[in-house]
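Working notes for the structure below.
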Amino acid sequence: MKKRLIISFIFLIIWTIFIKTNNTSWFDEPIYNFIISFKDYALTSVMRIISFFASAKWLIGICLVCLISLLWKKYYSLYLMCTLFFSTGCNLILKAILKRDRPSILWLTNETGFSYPSGHAMASMAFYGAIMVLVKYSNVSSKKAVYISTGILIFLIGVSRVYLGVHYPSDIIGGWIMGYIILCVLDYIVGGIYEGTIKWR
């Protein structure tokens, strides 16, 4: 895990340099053109719904549920809350520093702020990834089903942001990598709360 974390961090730095020097058109344009080629009224509605599962409103609702769960000493809720807070905080800081404008194309949903890294991609990787970590060390019988469904959701949330025109594909990649880094760090720091049930591996 430590080796993968170091590799991810190095890749994130290199990827960010590419973005700051405007060298991602070779990556962004063909992927965007491919995704938008499926543009359809019904599909747009579906993509908006998928995107909602990493929106601020949805995540705030999750935080409120986590706070209530803490009253019953459900300490896994603290892990999920820390993941969301760190993800949101890091995303806002990075966007303020890098200041990449959003794509100048037709938006299919309303958005504000800067583009890189994608907050939806970052939050979905960190939060739903945290759920996968908790499931790994739980007694859930169908762990594979959870892994697959959660992985598909993370991927579709990223695709939905490109489809809706509010992010470049390179924003999504950066968000996923940063979300993964946050997940690994919190796995190490917050793991002690679970009395060794979540380990640094």
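Identifiers in this document derive from the order of the structure tokens: chains are assigned A, B, ..., residues are numbered from 1 separately in each chain, and ligands are numbered from 1 in order of occurrence.
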Write out as a tab-separated table a residue-level contact list of segment 98-155 of chain A versus segment 63-78 of chain A with cut-off 10 Å: for each qualifying residue the closest pair of atoms and the distance in Å to one decimal, counting only C-alpha atoms, rows sorted by chain and residue number upward.
residue	atom	partner	partner_atom	distance
A:Ala130	CA	A:Tyr76	CA	9.7
A:Ile131	CA	A:Tyr76	CA	9.3
A:Leu134	CA	A:Tyr76	CA	7.7
Show me, as a compact mmCIF listing (two decimals) with N, CA and C atoms, in the first residue's frame, the residues that have an atom within 9 Å of segment 163-171 of chain A when counting only C-alpha atoms, minus same-chain residues fewer than 6 positions from it.
# COMPACT_ATOMS: atom_id res chain seq x y z
N TRP A 15 0.84 14.71 -13.39
CA TRP A 15 -0.43 15.01 -14.05
C TRP A 15 -0.81 16.47 -13.88
N ILE A 19 -1.37 19.59 -16.63
CA ILE A 19 -2.56 20.44 -16.66
C ILE A 19 -2.18 21.92 -16.58
N THR A 24 -2.93 18.68 -21.95
CA THR A 24 -3.84 17.53 -21.80
C THR A 24 -4.90 17.44 -22.89
N SER A 25 -4.80 18.30 -23.91
CA SER A 25 -5.81 18.26 -24.98
C SER A 25 -5.81 16.93 -25.71
N PHE A 27 -5.53 14.16 -24.44
CA PHE A 27 -6.27 13.22 -23.60
C PHE A 27 -7.73 13.64 -23.47
N ASP A 28 -7.97 14.91 -23.25
CA ASP A 28 -9.32 15.41 -22.97
C ASP A 28 -10.26 15.35 -24.18
N GLU A 29 -9.80 15.83 -25.32
CA GLU A 29 -10.68 15.98 -26.48
C GLU A 29 -11.26 14.67 -27.00
N ILE A 31 -11.67 11.78 -25.48
CA ILE A 31 -12.54 11.15 -24.48
C ILE A 31 -13.85 11.91 -24.37
N TYR A 32 -13.77 13.24 -24.34
CA TYR A 32 -15.00 14.04 -24.28
C TYR A 32 -15.87 13.78 -25.51
N ILE A 35 -17.60 10.37 -25.22
CA ILE A 35 -18.67 10.33 -24.23
C ILE A 35 -19.89 11.13 -24.68
N ILE A 36 -19.65 12.32 -25.24
CA ILE A 36 -20.77 13.17 -25.64
C ILE A 36 -21.47 12.64 -26.89
N PHE A 38 -22.85 9.98 -27.15
CA PHE A 38 -24.01 9.24 -26.66
C PHE A 38 -25.10 10.17 -26.11
N LYS A 39 -24.91 11.47 -26.33
CA LYS A 39 -25.82 12.46 -25.77
C LYS A 39 -27.27 12.17 -26.16
N THR A 44 -29.14 12.10 -20.32
CA THR A 44 -28.78 13.30 -19.57
C THR A 44 -29.43 13.28 -18.19
N MET A 47 -27.55 10.78 -16.08
CA MET A 47 -26.25 11.29 -15.67
C MET A 47 -26.37 12.32 -14.56
N ARG A 48 -27.42 13.11 -14.57
CA ARG A 48 -27.64 14.08 -13.49
C ARG A 48 -27.90 13.36 -12.17
N SER A 51 -24.59 11.86 -10.98
CA SER A 51 -23.74 12.95 -10.47
C SER A 51 -24.18 13.39 -9.09
N ARG A 102 -13.37 25.91 -15.92
CA ARG A 102 -14.16 24.79 -16.42
C ARG A 102 -14.23 24.85 -17.95
N PRO A 103 -14.59 23.72 -18.58
CA PRO A 103 -14.68 23.69 -20.06
C PRO A 103 -15.63 24.76 -20.59
N SER A 104 -15.25 25.38 -21.68
CA SER A 104 -16.08 26.43 -22.31
C SER A 104 -16.97 25.80 -23.37
N ILE A 105 -17.80 24.86 -22.93
CA ILE A 105 -18.73 24.16 -23.82
C ILE A 105 -20.11 24.19 -23.19
N LEU A 106 -21.05 23.60 -23.87
CA LEU A 106 -22.42 23.57 -23.35
C LEU A 106 -22.50 22.75 -22.08
N TRP A 107 -22.91 23.40 -20.98
CA TRP A 107 -23.11 22.69 -19.72
C TRP A 107 -24.53 22.14 -19.66
N LEU A 108 -24.65 20.91 -19.20
CA LEU A 108 -25.97 20.29 -19.05
C LEU A 108 -26.44 20.31 -17.60
N THR A 109 -25.67 20.99 -16.76
CA THR A 109 -26.04 21.19 -15.36
C THR A 109 -25.35 22.45 -14.87
N ASN A 110 -25.82 23.02 -13.79
CA ASN A 110 -25.23 24.25 -13.27
C ASN A 110 -24.09 23.94 -12.30
N GLU A 111 -22.98 24.66 -12.43
CA GLU A 111 -21.84 24.49 -11.55
C GLU A 111 -21.15 25.82 -11.34
N SER A 115 -12.18 24.04 -11.94
CA SER A 115 -12.40 22.73 -12.54
C SER A 115 -11.52 21.59 -11.99
N TYR A 116 -10.26 21.91 -11.69
CA TYR A 116 -9.31 20.84 -11.32
C TYR A 116 -8.88 20.95 -9.87
N PRO A 117 -8.90 19.80 -9.17
CA PRO A 117 -9.42 18.49 -9.58
C PRO A 117 -10.93 18.41 -9.35
N SER A 118 -11.57 17.47 -10.00
CA SER A 118 -13.01 17.31 -9.87
C SER A 118 -13.39 16.95 -8.43
N GLY A 119 -14.22 17.79 -7.83
CA GLY A 119 -14.67 17.52 -6.46
C GLY A 119 -15.53 16.27 -6.38
N ALA A 121 -15.39 13.62 -8.41
CA ALA A 121 -14.54 12.44 -8.58
C ALA A 121 -13.73 12.17 -7.31
Next item on the list: Could you please write out, as a PyMOL selection string, every residue of segment 26-126 of chain A that DSSP assigns to helix (DSSP H, G or I)?
Entry: chain A and resi 26-36+41-52+56-70+76-98+119-126
So that I have them on file, write out the residues from the current selection with C-alpha atoms, as a PDB file, in the first residue's frame.
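Final output, selection.pdb:
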ATOM      1  CA  TRP A  26      -4.525  14.991 -26.478  1.00  0.00           C
ATOM      2  CA  PHE A  27      -6.272  13.221 -23.596  1.00  0.00           C
ATOM      3  CA  ASP A  28      -9.322  15.406 -22.973  1.00  0.00           C
ATOM      4  CA  GLU A  29     -10.681  15.977 -26.479  1.00  0.00           C
ATOM      5  CA  PRO A  30     -11.031  12.380 -27.760  1.00  0.00           C
ATOM      6  CA  ILE A  31     -12.537  11.151 -24.479  1.00  0.00           C
ATOM      7  CA  TYR A  32     -15.005  14.036 -24.281  1.00  0.00           C
ATOM      8  CA  ASN A  33     -16.011  13.587 -27.925  1.00  0.00           C
ATOM      9  CA  PHE A  34     -16.570   9.869 -27.352  1.00  0.00           C
ATOM     10  CA  ILE A  35     -18.672  10.334 -24.225  1.00  0.00           C
ATOM     11  CA  ILE A  36     -20.772  13.173 -25.636  1.00  0.00           C
ATOM     12  CA  TYR A  41     -32.322  13.478 -23.344  1.00  0.00           C
ATOM     13  CA  ALA A  42     -32.989  10.358 -21.242  1.00  0.00           C
ATOM     14  CA  LEU A  43     -29.276   9.704 -20.710  1.00  0.00           C
ATOM     15  CA  THR A  44     -28.776  13.301 -19.570  1.00  0.00           C
ATOM     16  CA  SER A  45     -31.388  12.768 -16.852  1.00  0.00           C
ATOM     17  CA  VAL A  46     -29.640   9.567 -15.755  1.00  0.00           C
ATOM     18  CA  MET A  47     -26.246  11.291 -15.673  1.00  0.00           C
ATOM     19  CA  ARG A  48     -27.639  14.081 -13.490  1.00  0.00           C
ATOM     20  CA  ILE A  49     -28.931  11.492 -11.029  1.00  0.00           C
ATOM     21  CA  ILE A  50     -25.588   9.653 -10.975  1.00  0.00           C
ATOM     22  CA  SER A  51     -23.743  12.949 -10.474  1.00  0.00           C
ATOM     23  CA  PHE A  52     -26.004  13.750  -7.518  1.00  0.00           C
ATOM     24  CA  ALA A  56     -22.655  18.636  -1.809  1.00  0.00           C
ATOM     25  CA  LYS A  57     -26.325  18.135  -0.854  1.00  0.00           C
ATOM     26  CA  TRP A  58     -25.984  14.342  -0.834  1.00  0.00           C
ATOM     27  CA  LEU A  59     -22.693  14.361   1.096  1.00  0.00           C
ATOM     28  CA  ILE A  60     -24.007  16.837   3.673  1.00  0.00           C
ATOM     29  CA  GLY A  61     -26.948  14.493   4.190  1.00  0.00           C
ATOM     30  CA  ILE A  62     -24.511  11.614   4.678  1.00  0.00           C
ATOM     31  CA  CYS A  63     -22.606  13.660   7.269  1.00  0.00           C
ATOM     32  CA  LEU A  64     -25.818  14.291   9.218  1.00  0.00           C
ATOM     33  CA  VAL A  65     -26.581  10.571   9.214  1.00  0.00           C
ATOM     34  CA  CYS A  66     -23.025   9.907  10.432  1.00  0.00           C
ATOM     35  CA  LEU A  67     -23.440  12.411  13.273  1.00  0.00           C
ATOM     36  CA  ILE A  68     -26.633  10.697  14.387  1.00  0.00           C
ATOM     37  CA  SER A  69     -24.916   7.298  14.175  1.00  0.00           C
ATOM     38  CA  LEU A  70     -22.201   8.489  16.547  1.00  0.00           C
ATOM     39  CA  TYR A  76     -17.210   3.841  11.542  1.00  0.00           C
ATOM     40  CA  SER A  77     -19.262   7.005  10.970  1.00  0.00           C
ATOM     41  CA  LEU A  78     -16.330   9.067  12.223  1.00  0.00           C
ATOM     42  CA  TYR A  79     -14.129   7.447   9.584  1.00  0.00           C
ATOM     43  CA  LEU A  80     -16.605   8.342   6.840  1.00  0.00           C
ATOM     44  CA  MET A  81     -16.982  11.900   8.109  1.00  0.00           C
ATOM     45  CA  CYS A  82     -13.211  12.422   8.235  1.00  0.00           C
ATOM     46  CA  THR A  83     -12.958  11.128   4.689  1.00  0.00           C
ATOM     47  CA  LEU A  84     -15.567  13.605   3.457  1.00  0.00           C
ATOM     48  CA  PHE A  85     -14.108  16.566   5.359  1.00  0.00           C
ATOM     49  CA  PHE A  86     -10.539  15.934   4.246  1.00  0.00           C
ATOM     50  CA  SER A  87     -11.633  15.343   0.673  1.00  0.00           C
ATOM     51  CA  THR A  88     -13.679  18.546   0.540  1.00  0.00           C
ATOM     52  CA  GLY A  89     -11.005  20.621   2.246  1.00  0.00           C
ATOM     53  CA  CYS A  90      -8.185  19.391   0.025  1.00  0.00           C
ATOM     54  CA  ASN A  91     -10.300  19.885  -3.087  1.00  0.00           C
ATOM     55  CA  LEU A  92     -11.105  23.503  -2.247  1.00  0.00           C
ATOM     56  CA  ILE A  93      -7.452  24.264  -1.474  1.00  0.00           C
ATOM     57  CA  LEU A  94      -6.182  22.674  -4.695  1.00  0.00           C
ATOM     58  CA  LYS A  95      -8.797  24.439  -6.820  1.00  0.00           C
ATOM     59  CA  ALA A  96      -7.927  27.782  -5.240  1.00  0.00           C
ATOM     60  CA  ILE A  97      -4.229  27.226  -5.973  1.00  0.00           C
ATOM     61  CA  LEU A  98      -4.498  25.798  -9.489  1.00  0.00           C
ATOM     62  CA  GLY A 119     -14.669  17.516  -6.464  1.00  0.00           C
ATOM     63  CA  HIS A 120     -17.225  14.873  -7.417  1.00  0.00           C
ATOM     64  CA  ALA A 121     -14.542  12.436  -8.579  1.00  0.00           C
ATOM     65  CA  MET A 122     -12.412  13.125  -5.519  1.00  0.00           C
ATOM     66  CA  ALA A 123     -15.261  12.789  -3.017  1.00  0.00           C
ATOM     67  CA  SER A 124     -16.673   9.654  -4.643  1.00  0.00           C
ATOM     68  CA  MET A 125     -13.289   7.912  -4.643  1.00  0.00           C
ATOM     69  CA  ALA A 126     -12.587   8.871  -1.029  1.00  0.00           C
TER      70      ALA A 126
END
Notebook entry, point to check: At what distance in Å, to one decimal, does atom CA of Tyr188 of chain A lie from atom CA of Ser8 of chain A?
Noted result: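 It comes out at 16.0 Å.
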Note to self: My list of candidates is A:Val159, A:Val133, A:Ile17, A:Ile172. Which is closest to Cys184 of chain A when distances are computed with only C-alpha atoms?
What the structure shows: A:Val133
Check: Which is closest to Ile7 of chain A among A:Asp187, A:Ile177, A:Asn139, A:Leu156, if we use only C-alpha atoms?
Finding: A:Ile177
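Here atom CA of Leu153 of chain A stands at a distance of 14.4 Å from atom CA of Gly179 of chain A.
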Next item on the list: Point out the residue among A:Leu183, A:Ala54, A:Met178, A:Ile10 with the least atom-to-atom distance to Met132 of chain A, counting only C-alpha atoms.
Entry: A:Leu183
Next item on the list: Could you check which of A:Ser37, A:Arg100, A:Lys136, A:Tyr180 is closest to Val162 of chain A, using only C-alpha atoms?
Entry: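 When distances to Val162 of chain A are compared using only C-alpha atoms, the smallest one comes from A:Ser37.
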